Structures are given as C-alpha cells and as structure tokens.
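query30.cif, holding mmCIF, C-alpha atoms:
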data_entry
loop_
_atom_site.label_atom_id
_atom_site.label_comp_id
_atom_site.auth_asym_id
_atom_site.auth_seq_id
_atom_site.Cartn_x
_atom_site.Cartn_y
_atom_site.Cartn_z
CA MET D 197 65.57 79.52 140.13
CA ILE D 198 68.49 77.15 139.94
CA VAL D 199 71.39 78.95 138.29
CA ALA D 200 74.05 77.16 136.27
CA GLU D 201 76.78 77.77 133.73
CA ARG D 202 78.32 75.76 130.94
CA LYS D 203 81.31 73.61 131.75
CA PRO D 204 84.56 74.23 129.83
CA LEU D 205 84.33 72.75 126.35
CA ALA D 206 87.47 70.67 126.84
CA GLU D 207 85.85 68.94 129.81
CA ILE D 208 82.67 68.25 127.87
CA LEU D 209 84.57 66.98 124.82
CA ASP D 210 86.51 64.61 127.05
CA MET D 211 83.27 63.25 128.54
CA VAL D 212 81.88 62.33 125.14
CA LYS D 213 85.13 61.18 123.56
CA ASP D 214 83.92 57.62 123.05
CA CYS D 215 80.42 58.52 121.87
CA LYS D 216 79.24 58.18 118.30
CA LYS D 217 75.74 59.58 118.68
CA ILE D 218 75.16 62.36 121.17
CA LEU D 219 71.83 63.84 122.20
CA VAL D 220 72.29 67.35 123.61
CA LEU D 221 69.23 67.62 125.78
CA ALA D 222 67.99 71.06 126.84
CA CYS D 223 65.73 71.79 129.78
CA ARG D 224 63.04 74.42 129.43
CA GLY D 225 62.97 75.10 133.19
CA CYS D 226 65.32 77.20 135.32
CA VAL D 227 68.35 76.82 133.07
CA THR D 228 66.42 78.35 130.19
CA VAL D 229 65.65 81.39 132.33
CA CYS D 230 69.28 81.78 133.38
CA SER D 231 70.43 81.25 129.77
CA ALA D 232 72.64 78.30 130.59
CA GLY D 233 70.87 75.23 129.27
CA GLY D 234 67.75 76.11 127.32
CA GLU D 235 67.11 75.30 123.67
CA ARG D 236 69.22 78.22 122.48
CA GLU D 237 72.22 77.20 124.58
CA ALA D 238 71.84 73.53 123.65
CA GLU D 239 71.88 74.49 119.97
CA ILE D 240 75.07 76.48 120.50
CA LEU D 241 76.67 73.66 122.48
CA ALA D 242 75.74 71.09 119.83
CA SER D 243 77.36 73.27 117.18
CA LEU D 244 80.50 73.72 119.28
CA LEU D 245 80.64 69.97 119.87
CA ARG D 246 80.42 69.26 116.15
CA LEU D 247 83.19 71.80 115.51
CA GLY D 248 85.33 70.50 118.37
CA LEU D 249 84.93 66.87 117.33
CA LYS D 250 85.69 67.68 113.72
CA LYS D 251 88.81 69.61 114.71
CA ALA D 252 89.95 66.59 116.74
CA GLY D 253 89.39 64.35 113.73
CA ARG D 254 86.57 62.50 115.40
CA THR D 255 83.23 61.72 113.87
CA ALA D 256 80.06 61.70 115.90
CA GLU D 257 76.48 62.59 115.17
CA VAL D 258 75.22 65.35 117.45
CA ILE D 259 71.50 65.99 117.66
CA GLU D 260 69.51 68.34 119.85
CA GLY D 261 66.32 67.97 121.82
CA SER D 262 64.57 69.52 124.77
CA LEU D 263 62.24 68.57 127.57
CA VAL D 264 59.73 70.72 129.42
CA ARG D 265 61.73 69.92 132.55
CA GLN D 266 64.23 67.26 133.48
CA CYS D 267 63.14 67.05 137.12
CA ASP D 268 59.86 65.17 136.69
CA LYS D 269 59.35 61.57 135.70
CA GLU D 270 56.64 62.24 133.11
CA TYR D 271 58.91 64.56 131.17
CA ILE D 272 61.92 62.24 131.38
CA ASP D 273 59.78 59.54 129.76
CA ALA D 274 59.65 61.75 126.64
CA ILE D 275 63.29 60.82 125.95
CA ASP D 276 61.80 57.72 124.30
CA GLN D 277 61.20 59.83 121.17
CA TRP D 278 64.96 59.80 120.48
CA GLN D 279 65.38 56.10 121.19
CA GLY D 280 68.05 54.58 118.96
CA ARG D 281 69.37 57.96 117.89
CA TYR D 282 71.87 58.41 120.70
CA ASP D 283 74.37 56.43 122.68
CA ALA D 284 74.81 59.18 125.27
CA ILE D 285 72.79 62.10 126.57
CA LEU D 286 74.58 65.36 127.26
CA SER D 287 72.15 67.15 129.54
CA THR D 288 72.12 70.93 129.75
CA ALA D 289 69.85 70.75 132.80
CA CYS D 290 70.99 71.41 136.34
CA GLY D 291 72.35 68.55 138.40
CA VAL D 292 68.82 67.55 139.33
CA GLY D 293 68.01 66.83 135.71
CA VAL D 294 71.13 64.73 135.20
CA ASN D 295 70.31 62.73 138.34
CA PHE D 296 66.73 62.19 137.20
CA ILE D 297 67.87 60.81 133.86
CA ALA D 298 70.34 58.54 135.64
CA ASN D 299 67.62 57.44 138.10
CA LEU D 300 65.02 56.70 135.48
CA ARG D 301 67.04 55.50 132.47
CA PRO D 302 69.26 52.74 133.84
CA ALA D 303 70.72 51.84 130.45
CA ASP D 304 71.46 55.38 129.28
CA HIS D 305 74.79 57.15 129.56
CA VAL D 306 74.21 60.69 130.76
CA PHE D 307 76.75 63.50 131.16
CA PRO D 308 76.41 67.00 132.67
CA ALA D 309 77.09 69.92 130.34
CA LEU D 310 76.65 72.46 133.13
CA ASN D 311 78.01 73.27 136.54
CA THR D 312 75.06 73.94 138.82
CA THR D 313 76.03 76.96 140.85
CA PHE D 314 73.30 78.24 143.18
CA PHE D 315 69.69 79.23 143.89
CA GLY D 316 69.42 82.79 142.79
CA GLY D 317 67.80 85.45 140.71
CA SER D 318 68.67 87.86 137.95
CA ALA D 319 69.92 91.00 139.66
CA GLU D 320 70.11 92.70 136.28
CA GLN D 321 70.28 91.49 132.71
CA GLY D 322 73.10 88.99 132.36
CA ILE D 323 73.94 88.95 136.07
CA TRP D 324 72.65 86.38 138.58
CA ARG D 325 73.17 86.44 142.32
CA GLU D 326 72.77 83.79 144.97
CA GLN D 327 69.85 84.43 147.32
CA CYS D 328 69.02 81.14 149.04
CA ALA D 329 71.05 78.19 150.28
CA GLY D 330 68.17 75.73 150.61
CA CYS D 331 69.16 75.13 154.24
CA GLY D 332 65.77 73.74 155.18
CA ASN D 333 65.17 76.07 158.14
CA CYS D 334 64.26 79.50 156.87
CA VAL D 335 65.01 82.51 159.09
CA LEU D 336 63.92 85.22 156.68
CA HIS D 337 61.07 86.29 159.00
CA LEU D 338 63.74 87.29 161.54
CA THR D 339 66.03 89.10 159.12
CA GLY D 340 63.73 91.32 157.13
CA GLY D 341 63.62 88.89 154.22
CA LEU D 342 67.38 88.94 153.57
CA CYS D 343 69.21 85.63 153.96
CA PRO D 344 72.36 85.51 156.10
CA VAL D 345 72.87 81.81 155.35
CA ALA D 346 73.29 82.32 151.61
CA ARG D 347 74.45 85.90 151.51
CA CYS D 348 76.91 86.14 154.42
CA ALA D 349 80.29 84.65 153.54
CA LYS D 350 80.36 83.09 157.02
CA SER D 351 76.62 82.26 157.24
CA LEU D 352 76.53 84.07 160.56
CA MET D 353 73.31 84.10 162.54
CA ASN D 354 74.38 87.10 164.62
CA GLY D 355 76.13 89.58 162.44
CA PRO D 356 77.80 91.58 161.22
CA CYS D 357 81.26 90.26 162.00
CA GLY D 358 84.20 92.52 162.70
CA GLY D 359 85.19 92.41 159.07
CA SER D 360 82.22 94.41 157.85
CA VAL D 361 83.65 97.73 156.67
CA ASN D 362 81.62 100.56 155.17
CA GLY D 363 78.83 98.12 154.44
CA ARG D 364 81.09 95.73 152.53
CA CYS D 365 82.13 92.16 153.23
CA GLU D 366 85.76 91.54 154.19
CA ILE D 367 85.87 88.33 152.16
CA HIS D 368 84.58 89.87 148.94
CA LYS D 369 85.07 93.63 148.93
CA GLU D 370 82.63 94.10 146.07
CA VAL D 371 79.81 92.37 147.98
CA ASP D 372 77.47 94.22 150.30
CA CYS D 373 77.58 92.99 153.88
CA ILE D 374 74.21 91.31 154.23
CA TRP D 375 74.13 91.93 157.97
CA GLN D 376 74.59 95.65 157.39
CA MET D 377 71.71 95.43 154.94
CA ILE D 378 69.61 93.50 157.44
CA TYR D 379 70.20 96.12 160.13
CA ASP D 380 69.46 98.99 157.75
CA ARG D 381 66.30 97.32 156.50
CA MET D 382 65.02 96.40 159.96
CA ASP D 383 65.66 99.99 161.01
CA ARG D 384 63.65 101.31 158.09
CA LEU D 385 60.83 98.92 158.97
CA GLY D 386 60.82 100.08 162.60
CA ARG D 387 61.97 96.65 163.78
CA GLN D 388 65.40 97.66 165.07
CA GLU D 389 64.65 96.35 168.59
CA GLU D 390 64.52 92.81 167.19
CA MET D 391 68.17 93.13 166.34
CA ARG D 392 68.98 93.05 170.05
CA ILE D 393 67.77 89.46 170.29
CA ALA D 394 70.71 87.06 169.97
CA ALA D 395 69.96 84.11 167.74
CA PRO D 396 70.59 80.79 169.47
CA ILE D 397 73.06 78.22 168.20
CA ARG D 398 71.56 77.05 164.96
CA ASP D 399 70.40 73.53 164.27
CA TRP D 400 71.94 72.68 160.90
CA SER D 401 70.47 69.19 160.78
CA THR D 402 68.03 70.30 158.11
CA ALA D 403 70.79 71.61 155.86
CA GLY D 404 71.67 68.39 154.13
CA HIS D 405 74.86 67.57 155.95
CA GLY D 406 73.41 64.23 156.95
CA GLY D 407 72.76 63.06 153.43
CA PRO D 408 70.06 63.63 150.83
CA ARG D 409 66.79 65.04 152.09
CA THR D 410 63.34 63.74 151.21
CA GLN D 411 60.09 65.63 151.48
CA THR D 412 56.74 63.86 151.51
CA ARG D 413 53.27 65.32 151.15
CA ALA D 414 50.89 62.55 152.08
CA ASP D 415 47.94 64.39 150.52
CA LEU D 416 49.67 64.40 147.15
CA THR D 417 50.98 60.86 147.06
CA VAL D 418 49.12 58.18 145.09
CA MET P 47 100.41 77.24 98.56
CA SER P 48 97.70 79.57 97.39
CA PHE P 49 94.70 79.72 99.58
CA THR P 50 91.49 81.62 98.92
CA PRO P 51 89.65 81.86 102.21
CA ASP P 52 85.92 81.40 102.49
CA ILE P 53 84.83 84.45 104.44
CA ARG P 54 81.31 85.28 105.58
CA LEU P 55 80.25 88.81 106.34
CA PHE P 56 77.10 89.62 108.25
CA SER P 57 76.41 93.27 107.69
CA CYS P 58 73.89 95.66 109.09
CA HIS P 59 71.26 96.68 106.55
CA TYR P 60 72.02 100.36 107.14
CA THR P 61 75.77 99.97 106.86
CA SER P 62 75.69 97.90 103.72
CA GLN P 63 72.70 99.13 101.76
CA GLN P 64 74.73 101.37 99.49
CA SER P 65 77.54 98.84 99.34
CA CYS P 66 75.16 96.25 97.98
CA ALA P 67 73.52 98.53 95.47
CA GLU P 68 73.45 97.24 91.90
CA ALA P 69 74.22 93.73 93.11
CA GLY P 70 77.53 94.84 94.54
CA LYS P 71 78.89 96.13 91.25
CA GLU P 72 80.47 99.16 92.85
CA LEU P 73 81.97 97.01 95.57
CA ARG P 74 83.76 94.90 93.02
CA GLN P 75 84.96 97.97 91.18
CA LEU P 76 86.47 99.26 94.41
CA GLY P 77 88.34 96.02 94.97
CA PHE P 78 86.23 94.38 97.66
CA PRO P 79 87.42 90.74 97.88
CA GLU P 80 85.15 88.51 95.85
CA ASN P 81 85.61 85.59 98.22
CA ILE P 82 83.63 87.40 100.92
CA ARG P 83 79.98 86.41 100.98
CA ILE P 84 77.72 89.13 102.35
CA SER P 85 74.55 88.41 104.33
CA ARG P 86 72.58 91.50 105.18
CA VAL P 87 70.67 91.51 108.44
CA PRO P 88 68.07 94.06 109.59
CA CYS P 89 70.27 94.84 112.56
CA THR P 90 73.45 93.13 113.79
CA GLY P 91 71.78 93.06 117.21
CA LYS P 92 69.55 90.36 115.74
CA LEU P 93 72.52 88.09 115.06
CA GLN P 94 72.75 85.08 117.33
CA GLU P 95 75.91 83.22 118.27
CA ILE P 96 74.59 80.13 116.55
CA THR P 97 74.45 81.97 113.21
CA LEU P 98 78.17 82.66 113.38
CA LEU P 99 78.97 79.11 114.50
CA LYS P 100 76.85 77.62 111.72
CA ALA P 101 78.92 79.60 109.24
CA PHE P 102 81.99 77.74 110.49
CA GLU P 103 80.11 74.43 110.34
CA ASP P 104 79.24 75.38 106.79
CA GLY P 105 82.92 75.70 105.89
CA ALA P 106 83.82 79.32 106.55
CA ASP P 107 87.45 80.08 107.32
CA GLY P 108 86.59 83.43 108.84
CA VAL P 109 83.48 85.29 109.88
CA TYR P 110 83.03 88.97 110.52
CA VAL P 111 80.28 91.41 111.30
CA VAL P 112 79.90 95.01 110.24
CA GLY P 113 77.51 97.11 112.26
CA CYS P 114 76.83 100.70 113.11
CA PRO P 115 79.21 102.74 115.29
CA PRO P 116 78.57 101.83 118.94
CA ASP P 117 77.13 105.25 119.68
CA GLY P 118 75.26 105.58 116.42
CA CYS P 119 73.25 102.41 115.95
CA HIS P 120 69.92 102.85 114.21
CA ASN P 121 68.47 100.48 116.78
CA VAL P 122 70.31 102.16 119.66
CA LYS P 123 72.25 99.17 121.05
CA GLY P 124 72.12 96.63 118.23
CA SER P 125 75.77 96.78 117.25
CA GLN P 126 76.84 96.78 120.90
CA ARG P 127 74.87 93.57 121.44
CA ALA P 128 76.44 92.07 118.32
CA ALA P 129 79.92 92.89 119.60
CA LYS P 130 79.19 91.10 122.88
CA ARG P 131 77.84 88.00 121.16
CA LEU P 132 80.83 88.01 118.87
CA GLU P 133 83.08 88.08 121.90
CA ALA P 134 81.28 85.00 123.24
CA VAL P 135 82.02 83.21 119.96
CA ARG P 136 85.66 84.30 120.11
CA GLN P 137 85.84 82.92 123.63
CA ALA P 138 84.34 79.61 122.48
CA LEU P 139 86.88 79.39 119.64
CA HIS P 140 89.62 80.03 122.18
CA GLU P 141 88.28 77.13 124.25
CA LEU P 142 88.53 74.94 121.16
CA ALA P 143 92.13 76.10 120.65
CA VAL P 144 91.17 77.87 117.43
CA GLU P 145 92.37 81.40 116.63
CA PRO P 146 89.74 83.86 117.90
CA GLU P 147 90.94 86.24 115.18
CA ARG P 148 88.88 84.22 112.73
CA VAL P 149 85.96 86.25 114.06
CA ALA P 150 85.91 90.05 114.02
CA MET P 151 83.58 92.95 114.58
CA TYR P 152 83.77 96.25 112.74
CA HIS P 153 81.78 99.33 113.65
CA LEU P 154 81.51 101.44 110.51
CA PRO P 155 79.52 104.47 109.41
CA ARG P 156 76.55 104.03 107.13
CA GLY P 157 76.93 104.04 103.40
CA LEU P 158 79.71 102.93 101.14
CA HIS P 159 82.83 104.27 102.76
CA PRO P 160 86.44 103.30 102.09
CA GLU P 161 86.46 101.68 105.55
CA PHE P 162 83.97 99.06 104.37
CA ILE P 163 86.30 98.02 101.58
CA GLU P 164 89.32 98.23 103.88
CA ALA P 165 87.67 96.02 106.51
CA GLY P 166 87.04 93.37 103.86
CA ARG P 167 90.62 93.49 102.65
CA GLU P 168 91.96 93.39 106.20
CA MET P 169 89.82 90.39 107.09
CA ASN P 170 90.78 88.65 103.86
CA GLU P 171 94.47 89.14 104.54
CA ARG P 172 94.17 88.06 108.16
CA ILE P 173 92.40 84.81 107.30
CA ARG P 174 94.75 84.17 104.41
CA GLN P 175 97.63 84.34 106.87
CA LEU P 176 95.88 82.14 109.43
CA GLY P 177 95.22 79.52 106.79
CA PRO P 178 92.26 77.18 106.31
CA SER P 179 89.81 76.63 109.13
CA PRO P 180 90.75 73.70 111.35
CA PHE P 181 87.11 72.63 111.37
#
Have the structure of the file written as structure tokens, please.
Amino acid sequence: MIVAERKPLAEILDMVKDCKKILVLACRGCVTVCSAGGEREAEILASLLRLGLKKAGRTAEVIEGSLVRQCDKEYIDAIDQWQGRYDAILSTACGVGVNFIANLRPADHVFPALNTTFFGGSAEQGIWREQCAGCGNCVLHLTGGLCPVARCAKSLMNGPCGGSVNGRCEIHKEVDCIWQMIYDRMDRLGRQEEMRIAAPIRDWSTAGHGGPRTQTRADLTV
Amino acid sequence: MSFTPDIRLFSCHYTSQQSCAEAGKELRQLGFPENIRISRVPCTGKLQEITLLKAFEDGADGVYVVGCPPDGCHNVKGSQRAAKRLEAVRQALHELAVEPERVAMYHLPRGLHPEFIEAGREMNERIRQLGPSPF
C-alpha cells in the first residue's frame, strides 16, 4: 500500500488560512489501511482544525467527507455531492489523490493534509516499513523476493557493501542489511550459487528520473 | 478572577462503578469536585481520540481519563491503549500550542478509593491554574 502520515498541524492551518468553508476529504484506500487519512483520521483532523482555527480567532466551517478512493475519476466525480459547501478541499489521500482532484476539478482549491512517504506494509501493529521503490524494473526474482532498491540505503545491485556489520546497515544501525538477508535467504533456498553472478550496471531509465511515467493497456482502453 | 473549570472525566466502568453508586452521592460527600462531569465507558480502551477532542470542542477546559492499572485491566490492555491515544491527543494539543496538561490519564484500582477523589481534585486544581481553554 501507499503509506503516509499527517503533516504538522501548523503547516495545514497555514494552507487553509484564507478558507471559510473547508471539506476534509478522506480516502478509503491505502491511507485508511495505514491509519493516516481514512474516515477516522479525517474526523480527528477536522476537529483539530476547528480547534486550531478557533484558538487563532478565525471562523471557518469545517465539514468531513470521504471517497472510496481518490485515484479514480469515477470516485472523484462524487465530490459533486458537496458542491457549494466548500471553498477548499483538504485531502487526506496520498499525493496521487491530491493530484487527481487537481487534474479533474480545475476550479477547486485542493491542499494535501498528508506527507506521502513510501510503498510499504505493516510490519507489526502501528509500524510500517518500506518494501518497494516502484522503480519499474523489478529484480525480486534474482534476490529471493527481497528488494535491494528500496531496502538498501545505497540501492546497491551487488551487495553487501563494506559497511554491513553483524547483519546491520552502516547508515541506519537499527536496520537489517538487506543484502545480508538476501544472502541468508538464498542460502536457505539452496540458491547460493546465484549470488556469484555479478549484476550488470543497472538501467534506471524506468525509475522515473526522466519525468512522469505512463502505463497503457490497450485491451482495457475504451 | 474566580474560574470554575469545565472538566470532563471518562472513566472505566470497573473503576467508577462504586464511585457512581447512588447517583454519585458518596462522591459528593467525599468532596469530589462538582464541576467534573463523569462519562462512564465500558472500557477506556474503547475511547477514541475524537471523543476527547469533541469534549474540547464542546467547551471543556480539561479532559481526563481514569482506567484500570496498566497491569490489571479487566480487558487486558484497554487502559494501556487509552494511555497511548491520550498521548496522541496531548501531542496534537502541543502542536496547537495548547498546554498538553489539559489532558491526563490516571490508572487507578477498582472501586471507590481515595485516589479517585484525589485525581479529581488534582485535575481540578491543575486546570484552575491553567485557566480557561483557549478554544
């Protein structure tokens, strides 16, 4: 899922300082699962906004709503139900949701309530860890299913580096060295010989450094 | 200037059941502040952050929660969960430059103990000193 976290309240309050009617818009997709921008979090944020605005001596009406997702046109269209009740949307979706609203609602002001952090999963309750960098050229079949792009601080393709000590990363001592984990896992799977093959210089052209990427499935287009 | 704070208490059913007996008559006799409004919840672990924030929206000057001792919760971890959610609210108040001390958690034994009365008095005095809510 896409993992995110709420921005500092001061930053959010500054974004909406000129607004009189604010729609705090939750997303029931990834950010609900990671407890950053679902209905519950939007309700809390709306309450904090009301309190913060009141403390600052400002008056604004803050209402809440939610969409199934904010990354599909058909769901964005549902914003029509609040037409006239807001002069700005404060989205608690990931950055994709905010962009979609901006793309599809040319006259609407939209602000991000969250910082979108990474693609990850819940390692344990209340803790999320990055697992994938969305680099567009997956090598997991070569690394036992563990991603060196997202999980190595240096995104090395031939690791570990000399800074791997006792299975820990030299950049973040509390983080397991993913290349140590890859070696250990490949060994357990009886694939240790594959570790002798040096990966070639990687082609990063799929990784988004050349601008936004587009994916087309001709069989699905209309 | 005299100030009588509006204080909301969310108390665990098990912690407060004797305290609330006879419509709180005994509480009053023991000197529990009358400006504290008690809401009993089945378990403080059921309390959500929004419930505490709504109390402030509703005009509370201070909000506190009384739950079971951390290692003696009837629902195992309910009061521990409450304490964590309370901490999130305190953090949010801090972000809004409001005294986090307006929110407090007490872990108290079940039944009507002197600590229950003392917690109410302590909270009352603390909020009285902080003054009216800035909200």
inquiry  = Give me the residues near stretch 85-96 of chain P as a list in words, where near means some atom within 8 Å (using only C-alpha atoms) and where sequence neighbours in that chain fewer than 6 positions away do not count.
reply    =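 Once the adjacent positions are removed, what remains is Glu239, Ile240 and Ser243 of chain D; Arg54, Leu55, Phe56, Ser57, Cys58, His59, Tyr60, Ser62, Val111, Val112, Gly113, Asn121, Lys123, Gly124, Ser125, Gln126, Arg127, Ala128, Arg131, Leu132, Ala134 and Val135 of chain P.
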key: Spatial neighbours of D:Asn311, max dist 10 Å, only C-alpha atoms, sep filter under 2 positions, as a list in words   = Val199, Ala200, Glu201, Arg202, Lys203, Pro204, Ala232, Thr288, Ala289, Cys290, Gly291, Pro308, Ala309, Thr313 and Phe314 of chain D
Would you mind exporting the chosen residues as an mmCIF file, in the frame of the given file, restricted to C-alpha atoms?
data_model
loop_
_atom_site.group_PDB
_atom_site.id
_atom_site.type_symbol
_atom_site.label_atom_id
_atom_site.label_comp_id
_atom_site.auth_asym_id
_atom_site.auth_seq_id
_atom_site.Cartn_x
_atom_site.Cartn_y
_atom_site.Cartn_z
ATOM 1 C CA VAL D 199 71.390 78.950 138.290
ATOM 2 C CA ALA D 200 74.050 77.160 136.270
ATOM 3 C CA GLU D 201 76.780 77.770 133.730
ATOM 4 C CA ARG D 202 78.320 75.760 130.940
ATOM 5 C CA LYS D 203 81.310 73.610 131.750
ATOM 6 C CA PRO D 204 84.560 74.230 129.830
ATOM 7 C CA ALA D 232 72.640 78.300 130.590
ATOM 8 C CA THR D 288 72.120 70.930 129.750
ATOM 9 C CA ALA D 289 69.850 70.750 132.800
ATOM 10 C CA CYS D 290 70.990 71.410 136.340
ATOM 11 C CA GLY D 291 72.350 68.550 138.400
ATOM 12 C CA PRO D 308 76.410 67.000 132.670
ATOM 13 C CA ALA D 309 77.090 69.920 130.340
ATOM 14 C CA THR D 313 76.030 76.960 140.850
ATOM 15 C CA PHE D 314 73.300 78.240 143.180
#
task = Check every residue of chain P for an atom within 10 Å of chain D, counting all atoms listed in the file, and provide those that qualify as a ChimeraX atom specification.
result = /P:94-100,102-103,135,138-144,179-181
Let's have the selection written as a PDB file, keeping the file's coordinate frame, with C-alpha atoms.
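Result file selection_15.pdb:
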ATOM      1  CA  GLN P  94      72.750  85.080 117.330  1.00  0.00           C
ATOM      2  CA  GLU P  95      75.910  83.220 118.270  1.00  0.00           C
ATOM      3  CA  ILE P  96      74.590  80.130 116.550  1.00  0.00           C
ATOM      4  CA  THR P  97      74.450  81.970 113.210  1.00  0.00           C
ATOM      5  CA  LEU P  98      78.170  82.660 113.380  1.00  0.00           C
ATOM      6  CA  LEU P  99      78.970  79.110 114.500  1.00  0.00           C
ATOM      7  CA  LYS P 100      76.850  77.620 111.720  1.00  0.00           C
ATOM      8  CA  PHE P 102      81.990  77.740 110.490  1.00  0.00           C
ATOM      9  CA  GLU P 103      80.110  74.430 110.340  1.00  0.00           C
ATOM     10  CA  VAL P 135      82.020  83.210 119.960  1.00  0.00           C
ATOM     11  CA  ALA P 138      84.340  79.610 122.480  1.00  0.00           C
ATOM     12  CA  LEU P 139      86.880  79.390 119.640  1.00  0.00           C
ATOM     13  CA  HIS P 140      89.620  80.030 122.180  1.00  0.00           C
ATOM     14  CA  GLU P 141      88.280  77.130 124.250  1.00  0.00           C
ATOM     15  CA  LEU P 142      88.530  74.940 121.160  1.00  0.00           C
ATOM     16  CA  ALA P 143      92.130  76.100 120.650  1.00  0.00           C
ATOM     17  CA  VAL P 144      91.170  77.870 117.430  1.00  0.00           C
ATOM     18  CA  SER P 179      89.810  76.630 109.130  1.00  0.00           C
ATOM     19  CA  PRO P 180      90.750  73.700 111.350  1.00  0.00           C
ATOM     20  CA  PHE P 181      87.110  72.630 111.370  1.00  0.00           C
TER      21      PHE P 181
END
request  = Work out how far apart atom CA of D:Arg413 and atom CA of D:Cys226 are and give it in Å to one decimal.
outcome  =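 Between atom CA of D:Arg413 and atom CA of D:Cys226 the gap works out to 23.2 Å.
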request  = Can you work out the spacing between atom CA of D:Leu219 and atom CA of P:Glu145 in Å, to one decimal?
outcome  = 27.6 Å
message = As an exercise, work out the distance from atom CA of P:Ala106 to atom CA of P:Ile53 in Å and give it to one decimal place.
response = 5.6 Å
Nearest to P:Leu154, chosen from P:Gln75, P:Arg172, P:Thr61, P:Gly108, with only C-alpha atoms counted in the distances = P:Thr61
request  = Determine the nearest neighbour of D:Met197 from the options D:Leu352, D:Leu263, D:Ala238, D:Ala329, counting all atoms listed in the file.
outcome  =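 Answer, going by the shortest atom-to-atom distance: D:Ala329.
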request  = Run the PyMOL selection byres ((chain D and resi 376) around 9) against the file shown and list the residues it catches, as a PyMOL selection string.
outcome  = chain D and resi 355-356+360+362-364+372-375+377-381
Just stretch 234-250 of chain D, please, as a CSV table (one decimal), in the first residue's frame (only N, CA and C atoms).
chain,number,residue,atom,x,y,z
D,234,GLY,N,-7.9,7.9,6.6
D,234,GLY,CA,-9.2,7.4,6.4
D,234,GLY,C,-10.3,8.2,7.1
D,235,GLU,N,-11.5,7.7,7.2
D,235,GLU,CA,-12.6,8.5,7.8
D,235,GLU,C,-12.3,8.9,9.3
D,236,ARG,N,-11.7,7.9,10.0
D,236,ARG,CA,-11.4,8.2,11.4
D,236,ARG,C,-10.4,9.4,11.5
D,237,GLU,N,-9.3,9.3,10.7
D,237,GLU,CA,-8.3,10.3,10.8
D,237,GLU,C,-8.8,11.7,10.3
D,238,ALA,N,-9.7,11.6,9.3
D,238,ALA,CA,-10.2,12.9,8.7
D,238,ALA,C,-11.1,13.5,9.8
D,239,GLU,N,-11.8,12.7,10.5
D,239,GLU,CA,-12.7,13.3,11.6
D,239,GLU,C,-11.8,13.9,12.7
D,240,ILE,N,-10.7,13.3,13.0
D,240,ILE,CA,-9.8,13.9,14.0
D,240,ILE,C,-9.2,15.2,13.5
D,241,LEU,N,-8.8,15.1,12.2
D,241,LEU,CA,-8.2,16.3,11.7
D,241,LEU,C,-9.2,17.5,11.6
D,242,ALA,N,-10.4,17.2,11.2
D,242,ALA,CA,-11.4,18.2,11.1
D,242,ALA,C,-11.6,18.8,12.5
D,243,SER,N,-11.7,18.0,13.5
D,243,SER,CA,-11.8,18.5,14.9
D,243,SER,C,-10.6,19.4,15.3
D,244,LEU,N,-9.4,18.9,15.0
D,244,LEU,CA,-8.2,19.7,15.3
D,244,LEU,C,-8.2,21.0,14.6
D,245,LEU,N,-8.7,21.0,13.3
D,245,LEU,CA,-8.8,22.2,12.5
D,245,LEU,C,-9.7,23.2,13.2
D,246,ARG,N,-10.9,22.7,13.6
D,246,ARG,CA,-11.9,23.6,14.2
D,246,ARG,C,-11.3,24.2,15.5
D,247,LEU,N,-10.6,23.4,16.3
D,247,LEU,CA,-10.0,23.9,17.5
D,247,LEU,C,-8.9,24.9,17.2
D,248,GLY,N,-8.0,24.5,16.2
D,248,GLY,CA,-6.9,25.4,15.9
D,248,GLY,C,-7.4,26.8,15.3
D,249,LEU,N,-8.4,26.7,14.5
D,249,LEU,CA,-9.0,28.0,13.9
D,249,LEU,C,-9.6,28.8,15.0
D,250,LYS,N,-10.3,28.2,15.9
D,250,LYS,CA,-11.0,28.9,17.0
D,250,LYS,C,-9.9,29.6,17.9
